[in-house]
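These notes are about the structure you will find just below.
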Protein chains: 2
Amino acid sequence: MTPQTQPDGPTQGRPGRERLNRERVLRAAIELADEHGVDAVSMRRLAERLGVVPMALYKHVANKDELLDGMVDALVGEIAPAAPGADWRTAVRARVLSARTVLLRHPWARRVLETRTHRTFAVLGYMDSTIGMFRAGGFSDELTHHVMHALGSRMWGFTQELFDDAGRPPDAPPAPVPDEATLRALAAAFPNVAAIALPAEHDGGTVVGSGCDDQAEFEFALDLMLDGFARLHERGWTRADPATAER
Amino acid sequence: MTPQTQPDGPTQGRPGRERLNRERVLRAAIELADEHGVDAVSMRRLAERLGVVPMALYKHVANKDELLDGMVDALVGEIAPAAPGADWRTAVRARVLSARTVLLRHPWARRVLETRTHRTFAVLGYMDSTIGMFRAGGFSDELTHHVMHALGSRMWGFTQELFDDAGRPPDAPPAPVPDEATLRALAAAFPNVAAIALPAEHDGGTVVGSGCDDQAEFEFALDLMLDGFARLHERGWTRADPATAER
DNA sequence: ACCTGAACACCGTTCAAGT
DNA sequence: ACCTGAACACCGTTCAAGT
């Protein structure tokens with residue numbers, strides 16, 4: 001056999017099946033984040049997972065910031081493309097909910113998106129086509145501008161949850177459930193929180209904090225915004241008419 | 001003079017005027033974040049600013065997470081208390097805008113809030129009193145629940161901005177302004193972004209990206225939500241009537 | 001009760017080499 | 001052209017002391 005080269009075995013690194021490339025680096029980073037959370041994504045751990053020395057990554061990614069940008073770009077690619085021929089409301093609604101399903105597959109993405117000054121080509125492209133949906137629906141540029149601001153992070157399929165688990169790595173032990181006594185003390189100190197956090201207090205088993213359907217809440221707020229947008233658009237809103245709606 | 005004690009001078013650390021305490025630690029951390037951004041808030045740099053060895057901080061703060069929680073709690077204390085006697089809409093609007101002025105004073109707070117699993121006493125108290133505003137206005141517990149979700153991070157006076165500078169430390173050099181050529185290329189690649197990002201293209205000097213009043217945009221979206229809440233409330237919304245508004 | 005010093009197990013990244 | 005090794009300047013935090 002010829003020395004030094006073996007088609008299937010390791011050529012240079014240890015389990016490094018083949019040459020590193022940007023796509024392989026990004027895919028491994030996403031897997032690492034999916035399995036252990038973003039905090040586990042360090043250049044060193046990522047290198048280890050790829051069977052390579054940390055500095056090898058820097059040939060395919062300028063630095064850690066660009067790595068995170070690349071991970072976000074990959075997710076943007078997972079969002080379903082716009083369905084042609086739909087009216088603006090259907091198109092926007094479908095797009096936002098598609099973004100949301102992608103985000104739910106990769107819970108770390110929310111936190112990463114929040115830290116990005118996201119102006120990559122992929123992100124700009126996503127925004128451009130979303131803006132295009134409103135403009136194609138006849139929205140003035142000015143109203144479209146406001147509407148995009150109002151959408152904010154909802155455009156990515158998330159908003160900050162009231163009680164938030166997005167920071168915890170997926171392999172962490174589940175949050176401890178408070179005992180009856182502290183629960184009663186909390187309810188006494190914060191009666192209003194208790195009133196809306198215990199949804200079916202009167203007619204069901206005491207569901208404590210999980211009696212809340214985040215997807216339904218997200219769609220409630222999304223539809224509220226879309227209704228508002230539609231109403232302003234129908235009334236031919238302009239800046240000269242600063243009242244948001246009929247007051 | 002008696003040895004070793006001097007009322008005004010350093011007693012143990014170098015410029016450490018007096019004994020460390022939790023409040024002094026939190027205040028220094030907030031100043032550090034205000035001046036150099038959150039990333040500059042490390043236990044070591046904070047200790048140095050207080051003229052003390054890093055481990056000294058751990059007597060007043062359990063760990064870095066609790067430090068960040070404490071910083072958030074201090075900000076919550078800056079939010080103006082509820083004005084008594086106002087109707088729900090006025091009360092909620094004033095509170096959210098007050099939260100926003102606090103957040104604008106401490107731009108790092110947004111990013112910290114996003115990473116908190118905020119359930120401190122101060123944060124729960126803030127939420128409780130906000131929820132109380134809707135309930136006092138006659139909102140059902142169920143509608144109040146949805147409404148709080150819809151408010152999301154807006155309750156803290158922010159949402160994710162489309163182009164986001166919240167990550168940059170305040171002492172960083174200003175972002176470089178792109179030259180005419182790349183600007184033209186971007187506008188060609190992303191015509192919809194260009195249409196709404198250049199607001200007064202037809203009638204003024206070419207204002208490029210700064211022709212956007214974030215405060216006005218925030219209030220636009222806030223009022224849109226408040227209008228939606230009012231409409232649902234007036235119509236006696238219940239879950240049995242799942243349509244968000246008149247469709 | 002409060003602060004210190006040294007140490008441990010991590011980071012991202014530069015720089016000068018190796019093949 | 002791509003990967004390596006050693007090093008630098010940082011992290012948060014533990015543990016055993018000092019006063």
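In the structure tokens, each chain is lettered A, B, ... as it comes, each chain's residues begin at 1, and ligands are numbered from 1 in order of appearance.
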
Give me, as a list in words, the contact residues of chain D against chain B at a cut-off of 10 Å, counting only C-alpha atoms (C1' of nucleotides).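 That gives DC10, DC11, DG12 and DT13 of chain D for chain D.
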
Please, can I see chain B fitted onto chain A by all in-order Cα atoms (least squares), as a PDB file with C-alpha atoms, in the first residue's frame?
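Produced file superposed_33.pdb, reproduced below:
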```pdb
ATOM      1  CA  MET B   1      -0.485   0.488  -0.313  1.00  0.00           C
ATOM      2  CA  THR B   2       0.692   4.035  -0.797  1.00  0.00           C
ATOM      3  CA  PRO B   3       1.852   5.592   2.422  1.00  0.00           C
ATOM      4  CA  GLN B   4       0.258   8.526   4.247  1.00  0.00           C
ATOM      5  CA  THR B   5      -3.032   8.621   2.335  1.00  0.00           C
ATOM      6  CA  GLN B   6      -6.064   6.546   3.066  1.00  0.00           C
ATOM      7  CA  PRO B   7      -9.357   7.620   1.469  1.00  0.00           C
ATOM      8  CA  ASP B   8     -11.618   6.964   4.428  1.00  0.00           C
ATOM      9  CA  GLY B   9      -9.362   7.105   7.468  1.00  0.00           C
ATOM     10  CA  PRO B  10      -7.900  10.068   9.304  1.00  0.00           C
ATOM     11  CA  THR B  11      -5.580  12.095   7.130  1.00  0.00           C
ATOM     12  CA  GLN B  12      -4.254  14.589   9.649  1.00  0.00           C
ATOM     13  CA  GLY B  13      -6.367  15.133  12.804  1.00  0.00           C
ATOM     14  CA  ARG B  14      -7.579  12.264  14.929  1.00  0.00           C
ATOM     15  CA  PRO B  15     -11.210  11.597  14.049  1.00  0.00           C
ATOM     16  CA  GLY B  16     -11.125  14.297  11.343  1.00  0.00           C
ATOM     17  CA  ARG B  17     -12.686  12.317   8.527  1.00  0.00           C
ATOM     18  CA  GLU B  18     -11.912  14.893   5.854  1.00  0.00           C
ATOM     19  CA  ARG B  19     -10.672  18.426   5.341  1.00  0.00           C
ATOM     20  CA  LEU B  20     -12.260  21.067   7.458  1.00  0.00           C
ATOM     21  CA  ASN B  21     -14.392  23.632   5.705  1.00  0.00           C
ATOM     22  CA  ARG B  22     -16.632  26.472   6.753  1.00  0.00           C
ATOM     23  CA  GLU B  23     -19.798  24.456   6.404  1.00  0.00           C
ATOM     24  CA  ARG B  24     -18.501  21.619   8.557  1.00  0.00           C
ATOM     25  CA  VAL B  25     -17.419  24.110  11.201  1.00  0.00           C
ATOM     26  CA  LEU B  26     -20.812  25.834  11.253  1.00  0.00           C
ATOM     27  CA  ARG B  27     -22.713  22.557  11.323  1.00  0.00           C
ATOM     28  CA  ALA B  28     -20.653  21.314  14.265  1.00  0.00           C
ATOM     29  CA  ALA B  29     -21.167  24.591  16.097  1.00  0.00           C
ATOM     30  CA  ILE B  30     -24.936  24.348  15.640  1.00  0.00           C
ATOM     31  CA  GLU B  31     -24.964  20.757  16.867  1.00  0.00           C
ATOM     32  CA  LEU B  32     -22.894  21.735  19.880  1.00  0.00           C
ATOM     33  CA  ALA B  33     -25.318  24.563  20.707  1.00  0.00           C
ATOM     34  CA  ASP B  34     -28.337  22.310  20.180  1.00  0.00           C
ATOM     35  CA  GLU B  35     -26.907  19.701  22.552  1.00  0.00           C
ATOM     36  CA  HIS B  36     -25.293  21.779  25.283  1.00  0.00           C
ATOM     37  CA  GLY B  37     -26.393  25.407  24.840  1.00  0.00           C
ATOM     38  CA  VAL B  38     -24.555  28.407  23.383  1.00  0.00           C
ATOM     39  CA  ASP B  39     -22.289  28.772  26.359  1.00  0.00           C
ATOM     40  CA  ALA B  40     -20.760  25.441  25.396  1.00  0.00           C
ATOM     41  CA  VAL B  41     -19.791  26.844  21.995  1.00  0.00           C
ATOM     42  CA  SER B  42     -16.216  27.912  22.626  1.00  0.00           C
ATOM     43  CA  MET B  43     -13.575  27.805  19.938  1.00  0.00           C
ATOM     44  CA  ARG B  44     -11.731  25.239  21.994  1.00  0.00           C
ATOM     45  CA  ARG B  45     -14.629  22.855  22.570  1.00  0.00           C
ATOM     46  CA  LEU B  46     -15.717  23.214  18.959  1.00  0.00           C
ATOM     47  CA  ALA B  47     -12.210  22.347  17.772  1.00  0.00           C
ATOM     48  CA  GLU B  48     -12.133  19.350  20.067  1.00  0.00           C
ATOM     49  CA  ARG B  49     -15.427  18.077  18.645  1.00  0.00           C
ATOM     50  CA  LEU B  50     -13.958  18.365  15.159  1.00  0.00           C
ATOM     51  CA  GLY B  51     -10.794  16.543  16.234  1.00  0.00           C
ATOM     52  CA  VAL B  52      -8.642  19.526  15.486  1.00  0.00           C
ATOM     53  CA  VAL B  53      -6.545  22.106  17.297  1.00  0.00           C
ATOM     54  CA  PRO B  54      -8.361  25.400  18.187  1.00  0.00           C
ATOM     55  CA  MET B  55      -6.360  27.538  15.790  1.00  0.00           C
ATOM     56  CA  ALA B  56      -7.380  25.390  12.831  1.00  0.00           C
ATOM     57  CA  LEU B  57     -10.843  26.960  12.992  1.00  0.00           C
ATOM     58  CA  TYR B  58      -9.471  30.398  12.248  1.00  0.00           C
ATOM     59  CA  LYS B  59      -8.763  29.458   8.649  1.00  0.00           C
ATOM     60  CA  HIS B  60     -12.521  29.044   8.046  1.00  0.00           C
ATOM     61  CA  VAL B  61     -13.982  31.663  10.332  1.00  0.00           C
ATOM     62  CA  ALA B  62     -12.367  35.016  11.100  1.00  0.00           C
ATOM     63  CA  ASN B  63     -13.204  34.970  14.811  1.00  0.00           C
ATOM     64  CA  LYS B  64     -15.912  33.929  17.219  1.00  0.00           C
ATOM     65  CA  ASP B  65     -18.239  36.739  16.215  1.00  0.00           C
ATOM     66  CA  GLU B  66     -18.179  35.597  12.620  1.00  0.00           C
ATOM     67  CA  LEU B  67     -18.832  32.062  13.794  1.00  0.00           C
ATOM     68  CA  LEU B  68     -22.013  33.211  15.557  1.00  0.00           C
ATOM     69  CA  ASP B  69     -23.039  35.238  12.501  1.00  0.00           C
ATOM     70  CA  GLY B  70     -22.569  32.134  10.382  1.00  0.00           C
ATOM     71  CA  MET B  71     -24.722  30.078  12.738  1.00  0.00           C
ATOM     72  CA  VAL B  72     -27.519  32.643  12.471  1.00  0.00           C
ATOM     73  CA  ASP B  73     -27.216  32.726   8.683  1.00  0.00           C
ATOM     74  CA  ALA B  74     -27.617  28.963   8.579  1.00  0.00           C
ATOM     75  CA  LEU B  75     -30.856  29.242  10.543  1.00  0.00           C
ATOM     76  CA  VAL B  76     -32.181  31.982   8.270  1.00  0.00           C
ATOM     77  CA  GLY B  77     -31.705  29.473   5.468  1.00  0.00           C
ATOM     78  CA  GLU B  78     -34.045  27.069   7.253  1.00  0.00           C
ATOM     79  CA  ILE B  79     -36.969  29.520   7.202  1.00  0.00           C
ATOM     80  CA  ALA B  80     -39.517  28.536   4.555  1.00  0.00           C
ATOM     81  CA  PRO B  81     -39.431  30.753   1.445  1.00  0.00           C
ATOM     82  CA  ALA B  82     -42.383  33.047   0.822  1.00  0.00           C
ATOM     83  CA  ALA B  83     -45.417  31.378  -0.737  1.00  0.00           C
ATOM     84  CA  PRO B  84     -46.140  33.255  -3.974  1.00  0.00           C
ATOM     85  CA  GLY B  85     -49.559  34.738  -4.604  1.00  0.00           C
ATOM     86  CA  ALA B  86     -50.660  35.097  -1.001  1.00  0.00           C
ATOM     87  CA  ASP B  87     -52.071  38.377   0.328  1.00  0.00           C
ATOM     88  CA  TRP B  88     -49.761  40.352   2.602  1.00  0.00           C
ATOM     89  CA  ARG B  89     -51.348  39.211   5.824  1.00  0.00           C
ATOM     90  CA  THR B  90     -51.224  35.526   5.007  1.00  0.00           C
ATOM     91  CA  ALA B  91     -47.680  35.862   3.695  1.00  0.00           C
ATOM     92  CA  VAL B  92     -46.349  37.717   6.750  1.00  0.00           C
ATOM     93  CA  ARG B  93     -48.139  35.451   9.190  1.00  0.00           C
ATOM     94  CA  ALA B  94     -46.824  32.289   7.533  1.00  0.00           C
ATOM     95  CA  ARG B  95     -43.305  33.652   7.412  1.00  0.00           C
ATOM     96  CA  VAL B  96     -43.191  34.692  11.047  1.00  0.00           C
ATOM     97  CA  LEU B  97     -44.607  31.363  12.183  1.00  0.00           C
ATOM     98  CA  SER B  98     -42.073  29.547  10.009  1.00  0.00           C
ATOM     99  CA  ALA B  99     -39.280  31.561  11.591  1.00  0.00           C
ATOM    100  CA  ARG B 100     -40.707  30.536  14.940  1.00  0.00           C
ATOM    101  CA  THR B 101     -40.590  26.811  14.214  1.00  0.00           C
ATOM    102  CA  VAL B 102     -36.933  27.192  13.242  1.00  0.00           C
ATOM    103  CA  LEU B 103     -36.244  29.055  16.461  1.00  0.00           C
ATOM    104  CA  LEU B 104     -37.952  26.395  18.526  1.00  0.00           C
ATOM    105  CA  ARG B 105     -35.689  23.790  16.954  1.00  0.00           C
ATOM    106  CA  HIS B 106     -32.659  25.830  18.052  1.00  0.00           C
ATOM    107  CA  PRO B 107     -33.537  27.510  21.348  1.00  0.00           C
ATOM    108  CA  TRP B 108     -30.089  29.085  21.642  1.00  0.00           C
ATOM    109  CA  ALA B 109     -30.750  31.145  18.487  1.00  0.00           C
ATOM    110  CA  ARG B 110     -32.844  33.704  20.337  1.00  0.00           C
ATOM    111  CA  ARG B 111     -30.017  34.709  22.626  1.00  0.00           C
ATOM    112  CA  VAL B 112     -27.534  34.810  19.760  1.00  0.00           C
ATOM    113  CA  LEU B 113     -29.837  36.906  17.577  1.00  0.00           C
ATOM    114  CA  GLU B 114     -30.205  39.362  20.426  1.00  0.00           C
ATOM    115  CA  THR B 115     -26.474  39.963  20.627  1.00  0.00           C
ATOM    116  CA  ARG B 116     -25.882  40.211  16.866  1.00  0.00           C
ATOM    117  CA  THR B 117     -25.669  43.522  15.126  1.00  0.00           C
ATOM    118  CA  HIS B 118     -27.156  41.387  12.383  1.00  0.00           C
ATOM    119  CA  ARG B 119     -26.401  42.908   9.035  1.00  0.00           C
ATOM    120  CA  THR B 120     -25.146  39.870   7.228  1.00  0.00           C
ATOM    121  CA  PHE B 121     -26.231  39.330   3.661  1.00  0.00           C
ATOM    122  CA  ALA B 122     -28.604  36.509   4.640  1.00  0.00           C
ATOM    123  CA  VAL B 123     -30.236  38.554   7.395  1.00  0.00           C
ATOM    124  CA  LEU B 124     -30.653  41.592   5.161  1.00  0.00           C
ATOM    125  CA  GLY B 125     -32.186  39.342   2.514  1.00  0.00           C
ATOM    126  CA  TYR B 126     -34.695  37.977   5.010  1.00  0.00           C
ATOM    127  CA  MET B 127     -35.652  41.478   6.097  1.00  0.00           C
ATOM    128  CA  ASP B 128     -35.848  42.689   2.534  1.00  0.00           C
ATOM    129  CA  SER B 129     -38.297  40.017   1.517  1.00  0.00           C
ATOM    130  CA  THR B 130     -40.430  40.570   4.619  1.00  0.00           C
ATOM    131  CA  ILE B 131     -40.576  44.293   3.923  1.00  0.00           C
ATOM    132  CA  GLY B 132     -41.484  43.422   0.349  1.00  0.00           C
ATOM    133  CA  MET B 133     -44.592  41.604   1.554  1.00  0.00           C
ATOM    134  CA  PHE B 134     -46.040  44.767   3.046  1.00  0.00           C
ATOM    135  CA  ARG B 135     -45.055  46.902   0.071  1.00  0.00           C
ATOM    136  CA  ALA B 136     -46.592  44.393  -2.346  1.00  0.00           C
ATOM    137  CA  GLY B 137     -49.762  44.642  -0.278  1.00  0.00           C
ATOM    138  CA  GLY B 138     -49.884  48.363  -1.007  1.00  0.00           C
ATOM    139  CA  PHE B 139     -48.471  49.644   2.299  1.00  0.00           C
ATOM    140  CA  SER B 140     -46.812  53.048   2.022  1.00  0.00           C
ATOM    141  CA  ASP B 141     -43.075  53.054   2.703  1.00  0.00           C
ATOM    142  CA  GLU B 142     -43.664  55.122   5.776  1.00  0.00           C
ATOM    143  CA  LEU B 143     -46.247  52.778   7.256  1.00  0.00           C
ATOM    144  CA  THR B 144     -44.068  49.813   6.335  1.00  0.00           C
ATOM    145  CA  HIS B 145     -41.215  51.402   8.266  1.00  0.00           C
ATOM    146  CA  HIS B 146     -43.315  51.735  11.423  1.00  0.00           C
ATOM    147  CA  VAL B 147     -44.779  48.294  11.004  1.00  0.00           C
ATOM    148  CA  MET B 148     -41.355  46.671  10.824  1.00  0.00           C
ATOM    149  CA  HIS B 149     -40.353  48.438  14.017  1.00  0.00           C
ATOM    150  CA  ALA B 150     -43.536  47.282  15.715  1.00  0.00           C
ATOM    151  CA  LEU B 151     -42.872  43.727  14.664  1.00  0.00           C
ATOM    152  CA  GLY B 152     -39.383  43.935  16.181  1.00  0.00           C
ATOM    153  CA  SER B 153     -38.045  40.583  17.293  1.00  0.00           C
ATOM    154  CA  ARG B 154     -41.453  39.043  16.557  1.00  0.00           C
ATOM    155  CA  MET B 155     -40.280  39.038  12.974  1.00  0.00           C
ATOM    156  CA  TRP B 156     -37.824  36.332  14.069  1.00  0.00           C
ATOM    157  CA  GLY B 157     -40.537  34.321  15.722  1.00  0.00           C
ATOM    158  CA  PHE B 158     -39.893  35.310  19.314  1.00  0.00           C
ATOM    159  CA  THR B 159     -40.355  37.909  21.965  1.00  0.00           C
ATOM    160  CA  GLN B 160     -39.055  37.838  25.462  1.00  0.00           C
ATOM    161  CA  GLU B 161     -41.055  35.373  27.469  1.00  0.00           C
ATOM    162  CA  LEU B 162     -42.228  36.474  30.891  1.00  0.00           C
ATOM    163  CA  PHE B 163     -40.544  33.530  32.515  1.00  0.00           C
ATOM    164  CA  ASP B 164     -37.695  32.631  30.416  1.00  0.00           C
ATOM    165  CA  ASP B 165     -35.835  29.387  29.968  1.00  0.00           C
ATOM    166  CA  ALA B 166     -33.905  30.385  26.863  1.00  0.00           C
ATOM    167  CA  GLY B 167     -30.709  30.822  28.838  1.00  0.00           C
ATOM    168  CA  ARG B 168     -30.540  27.304  30.206  1.00  0.00           C
ATOM    169  CA  PRO B 169     -28.551  24.629  28.372  1.00  0.00           C
ATOM    170  CA  PRO B 170     -30.726  21.722  27.201  1.00  0.00           C
ATOM    171  CA  ASP B 171     -28.752  19.157  29.178  1.00  0.00           C
ATOM    172  CA  ALA B 172     -29.199  20.985  32.476  1.00  0.00           C
ATOM    173  CA  PRO B 173     -31.394  19.391  35.123  1.00  0.00           C
ATOM    174  CA  PRO B 174     -34.973  20.712  35.093  1.00  0.00           C
ATOM    175  CA  ALA B 175     -35.661  23.757  37.263  1.00  0.00           C
ATOM    176  CA  PRO B 176     -36.646  22.727  40.783  1.00  0.00           C
ATOM    177  CA  VAL B 177     -40.347  23.051  41.483  1.00  0.00           C
ATOM    178  CA  PRO B 178     -41.046  25.242  44.533  1.00  0.00           C
ATOM    179  CA  ASP B 179     -42.786  23.580  47.443  1.00  0.00           C
ATOM    180  CA  GLU B 180     -46.326  24.355  48.542  1.00  0.00           C
ATOM    181  CA  ALA B 181     -45.269  26.704  51.350  1.00  0.00           C
ATOM    182  CA  THR B 182     -43.066  29.052  49.304  1.00  0.00           C
ATOM    183  CA  LEU B 183     -45.690  28.961  46.561  1.00  0.00           C
ATOM    184  CA  ARG B 184     -48.297  30.177  49.015  1.00  0.00           C
ATOM    185  CA  ALA B 185     -45.932  32.874  50.276  1.00  0.00           C
ATOM    186  CA  LEU B 186     -45.268  34.041  46.719  1.00  0.00           C
ATOM    187  CA  ALA B 187     -48.976  34.161  45.936  1.00  0.00           C
ATOM    188  CA  ALA B 188     -49.521  36.292  49.019  1.00  0.00           C
ATOM    189  CA  ALA B 189     -46.708  38.693  48.125  1.00  0.00           C
ATOM    190  CA  PHE B 190     -47.661  38.898  44.440  1.00  0.00           C
ATOM    191  CA  PRO B 191     -51.426  38.379  44.194  1.00  0.00           C
ATOM    192  CA  ASN B 192     -51.672  39.698  40.653  1.00  0.00           C
ATOM    193  CA  VAL B 193     -48.967  37.412  39.360  1.00  0.00           C
ATOM    194  CA  ALA B 194     -50.714  34.547  41.097  1.00  0.00           C
ATOM    195  CA  ALA B 195     -54.051  35.451  39.520  1.00  0.00           C
ATOM    196  CA  ILE B 196     -52.795  35.199  35.965  1.00  0.00           C
ATOM    197  CA  ALA B 197     -50.115  32.561  36.463  1.00  0.00           C
ATOM    198  CA  LEU B 198     -52.535  29.961  37.794  1.00  0.00           C
ATOM    199  CA  PRO B 199     -54.854  29.884  34.817  1.00  0.00           C
ATOM    200  CA  ALA B 200     -57.477  27.276  35.672  1.00  0.00           C
ATOM    201  CA  GLU B 201     -57.483  27.713  39.390  1.00  0.00           C
ATOM    202  CA  HIS B 202     -61.234  27.320  39.752  1.00  0.00           C
ATOM    203  CA  ASP B 203     -62.089  24.350  37.579  1.00  0.00           C
ATOM    204  CA  GLY B 204     -59.136  21.987  37.247  1.00  0.00           C
ATOM    205  CA  GLY B 205     -56.267  20.320  38.978  1.00  0.00           C
ATOM    206  CA  THR B 206     -53.837  22.917  40.282  1.00  0.00           C
ATOM    207  CA  VAL B 207     -51.745  23.451  37.173  1.00  0.00           C
ATOM    208  CA  VAL B 208     -48.945  25.627  38.422  1.00  0.00           C
ATOM    209  CA  GLY B 209     -46.868  27.384  35.856  1.00  0.00           C
ATOM    210  CA  SER B 210     -46.950  25.171  32.872  1.00  0.00           C
ATOM    211  CA  GLY B 211     -50.610  25.731  32.119  1.00  0.00           C
ATOM    212  CA  CYS B 212     -49.541  28.256  29.480  1.00  0.00           C
ATOM    213  CA  ASP B 213     -49.349  27.600  25.759  1.00  0.00           C
ATOM    214  CA  ASP B 214     -46.507  29.784  24.505  1.00  0.00           C
ATOM    215  CA  GLN B 215     -47.341  29.137  20.877  1.00  0.00           C
ATOM    216  CA  ALA B 216     -50.932  30.313  21.413  1.00  0.00           C
ATOM    217  CA  GLU B 217     -49.677  33.382  23.252  1.00  0.00           C
ATOM    218  CA  PHE B 218     -47.307  34.197  20.443  1.00  0.00           C
ATOM    219  CA  GLU B 219     -50.075  33.944  17.858  1.00  0.00           C
ATOM    220  CA  PHE B 220     -52.415  36.025  20.014  1.00  0.00           C
ATOM    221  CA  ALA B 221     -49.932  38.899  20.003  1.00  0.00           C
ATOM    222  CA  LEU B 222     -49.015  38.419  16.360  1.00  0.00           C
ATOM    223  CA  ASP B 223     -52.644  38.578  15.284  1.00  0.00           C
ATOM    224  CA  LEU B 224     -53.213  41.608  17.471  1.00  0.00           C
ATOM    225  CA  MET B 225     -50.413  43.390  15.620  1.00  0.00           C
ATOM    226  CA  LEU B 226     -51.564  42.203  12.189  1.00  0.00           C
ATOM    227  CA  ASP B 227     -55.081  43.433  12.958  1.00  0.00           C
ATOM    228  CA  GLY B 228     -53.664  46.789  13.941  1.00  0.00           C
ATOM    229  CA  PHE B 229     -51.571  46.993  10.771  1.00  0.00           C
ATOM    230  CA  ALA B 230     -54.584  46.102   8.607  1.00  0.00           C
ATOM    231  CA  ARG B 231     -56.735  48.737  10.264  1.00  0.00           C
ATOM    232  CA  LEU B 232     -54.154  51.487   9.769  1.00  0.00           C
ATOM    233  CA  HIS B 233     -53.523  50.438   6.196  1.00  0.00           C
ATOM    234  CA  GLU B 234     -57.221  50.405   5.308  1.00  0.00           C
ATOM    235  CA  ARG B 235     -57.638  53.860   6.777  1.00  0.00           C
ATOM    236  CA  GLY B 236     -54.759  55.138   4.645  1.00  0.00           C
ATOM    237  CA  TRP B 237     -52.579  56.043   7.629  1.00  0.00           C
ATOM    238  CA  THR B 238     -49.957  58.729   7.124  1.00  0.00           C
ATOM    239  CA  ARG B 239     -47.710  60.570   9.513  1.00  0.00           C
ATOM    240  CA  ALA B 240     -49.989  63.608   9.122  1.00  0.00           C
ATOM    241  CA  ASP B 241     -52.538  61.520  11.038  1.00  0.00           C
ATOM    242  CA  PRO B 242     -50.457  60.707  14.081  1.00  0.00           C
ATOM    243  CA  ALA B 243     -53.196  58.984  16.097  1.00  0.00           C
ATOM    244  CA  THR B 244     -52.393  55.307  15.955  1.00  0.00           C
ATOM    245  CA  ALA B 245     -56.022  54.275  15.673  1.00  0.00           C
ATOM    246  CA  GLU B 246     -59.503  55.564  16.430  1.00  0.00           C
ATOM    247  CA  ARG B 247     -59.329  56.946  19.920  1.00  0.00           C
TER     248      ARG B 247
END
```

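C1' of DG5 (chain D) is positioned 24.1 Å from C1' of DA7 (chain C).
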
Distance of C1' of DT4 (chain C) from C1' of DA9 (chain D), expressed in Å to one decimal place: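 For C1' of DA9 (chain D) relative to C1' of DT4 (chain C), the distance reads 22.5 Å.
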
If you measure from C1' of DC3 (chain C) to C1' of DC8 (chain D), what distance in Å do you get, rounded to one decimal?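 Distance between the two atoms: 29.1 Å.
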